[in-house]
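Take a look at the structure below.
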Amino acid sequence: MPPTSSKVRLQTLQDLDGRSSAYKAATRLRDDMIDDAGGVDTLSAVKLKLIESVATMTAVIDHYHALILSGDPSAPIAELATLTNTRNRTAAMVGLGKLTKTLDLRSYMADEYGEGGR
């Protein structure tokens, strides 16, 4: 049955049922990437969206890999190659690897040993 309204309703990750394994994998990767980049407070809105895109594309790529490895002849190899290249370029814009943190010795000592710091 076709929709009765001509409005297009765009969905976001927040609209999805969070119980699927693909959703959990994508959000876990997104959160890990945000942590690797220094946390949500250190990222611009654009970088946050790029990270979300990388995580989502990775979930789709993982699905295609599972199709291939299960022997499914309908696995879209050309689409997989294109999506993988796009994901890799997007990930490069975000930056690869963990951000190194500069530790403050006084803060570290206070956190580990209390304000008296012995």
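Letters A, B, ... mark the chains of the structure tokens in the order given; residue numbers begin at 1 per chain; ligand numbers begin at 1, in order shown.
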task: From chain A, collect each residue whose DSSP state is alpha helix (DSSP H) and return the set as a PyMOL selection string.
output: chain A and resi 21-36+45-69+77-94+105-113
Can you pull out every residue within 12 Å of segment 4-20 of chain A, counting only C-alpha atoms, but drop anything in the same chain fewer than 6 positions away, and send it as a PDB file with N, CA and C atoms, in the first residue's frame?
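The file below, part_33.pdb, is the result:
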```pdb
ATOM      1  N   ALA A  26      27.713  -0.501  15.031  1.00  0.00           N
ATOM      2  CA  ALA A  26      27.944   0.842  14.502  1.00  0.00           C
ATOM      3  C   ALA A  26      28.074   1.868  15.624  1.00  0.00           C
ATOM      4  N   THR A  27      27.200   1.806  16.615  1.00  0.00           N
ATOM      5  CA  THR A  27      27.283   2.785  17.703  1.00  0.00           C
ATOM      6  C   THR A  27      28.511   2.553  18.578  1.00  0.00           C
ATOM      7  N   ARG A  28      28.900   1.281  18.754  1.00  0.00           N
ATOM      8  CA  ARG A  28      30.121   0.980  19.528  1.00  0.00           C
ATOM      9  C   ARG A  28      31.351   1.546  18.807  1.00  0.00           C
ATOM     10  N   ARG A  30      31.341   4.013  16.602  1.00  0.00           N
ATOM     11  CA  ARG A  30      31.227   5.479  16.679  1.00  0.00           C
ATOM     12  C   ARG A  30      31.758   5.982  18.017  1.00  0.00           C
ATOM     13  N   LYS A  49      29.795  14.058  12.627  1.00  0.00           N
ATOM     14  CA  LYS A  49      29.002  13.459  11.550  1.00  0.00           C
ATOM     15  C   LYS A  49      29.860  12.556  10.668  1.00  0.00           C
ATOM     16  N   GLU A  52      30.210   9.342  12.523  1.00  0.00           N
ATOM     17  CA  GLU A  52      28.970   8.573  12.423  1.00  0.00           C
ATOM     18  C   GLU A  52      28.859   7.904  11.056  1.00  0.00           C
ATOM     19  N   SER A  53      29.260   8.617  10.012  1.00  0.00           N
ATOM     20  CA  SER A  53      29.227   8.047   8.660  1.00  0.00           C
ATOM     21  C   SER A  53      30.175   6.867   8.534  1.00  0.00           C
ATOM     22  N   ALA A  55      31.221   4.893  10.901  1.00  0.00           N
ATOM     23  CA  ALA A  55      30.686   3.774  11.670  1.00  0.00           C
ATOM     24  C   ALA A  55      29.537   3.093  10.934  1.00  0.00           C
ATOM     25  N   THR A  56      28.668   3.874  10.324  1.00  0.00           N
ATOM     26  CA  THR A  56      27.540   3.308   9.592  1.00  0.00           C
ATOM     27  C   THR A  56      28.012   2.556   8.350  1.00  0.00           C
ATOM     28  N   ALA A  59      29.400  -0.790   9.252  1.00  0.00           N
ATOM     29  CA  ALA A  59      28.375  -1.802   9.518  1.00  0.00           C
ATOM     30  C   ALA A  59      27.862  -2.416   8.216  1.00  0.00           C
TER      31      ALA A  59
END
```
- request: Would you mind telling me which residue in A:Leu103, A:Ala81, A:Leu96, A:Ala66 lies nearest to Ile51 of chain A when using only C-alpha atoms?
  value: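 Of A:Leu103, A:Ala81, A:Leu96, A:Ala66, the one nearest Ile51 of chain A, counting only C-alpha atoms, is A:Leu96.
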For Gly95 of chain A: contacts at 12 Å, only C-alpha atoms, fewer than 2 positions along chain excluded, given as a list in words: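 Here the qualifying residues turn out to be Met33, Ile34, Asp36, Ala37, Gly38, Leu43, Lys47, Leu48, Leu50, Ile51, Val54, Asn88, Arg89, Thr90, Ala91, Ala92, Met93, Gly97, Lys98 and Leu99 of chain A.
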- prompt: Given the choices A:Thr84, A:Tyr23, A:Ala110, A:Val46, which gets closest to Tyr64 of chain A if the distance is worked out from only C-alpha atoms?
  reply: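 Closest to Tyr64 of chain A, using only C-alpha atoms: A:Thr84.
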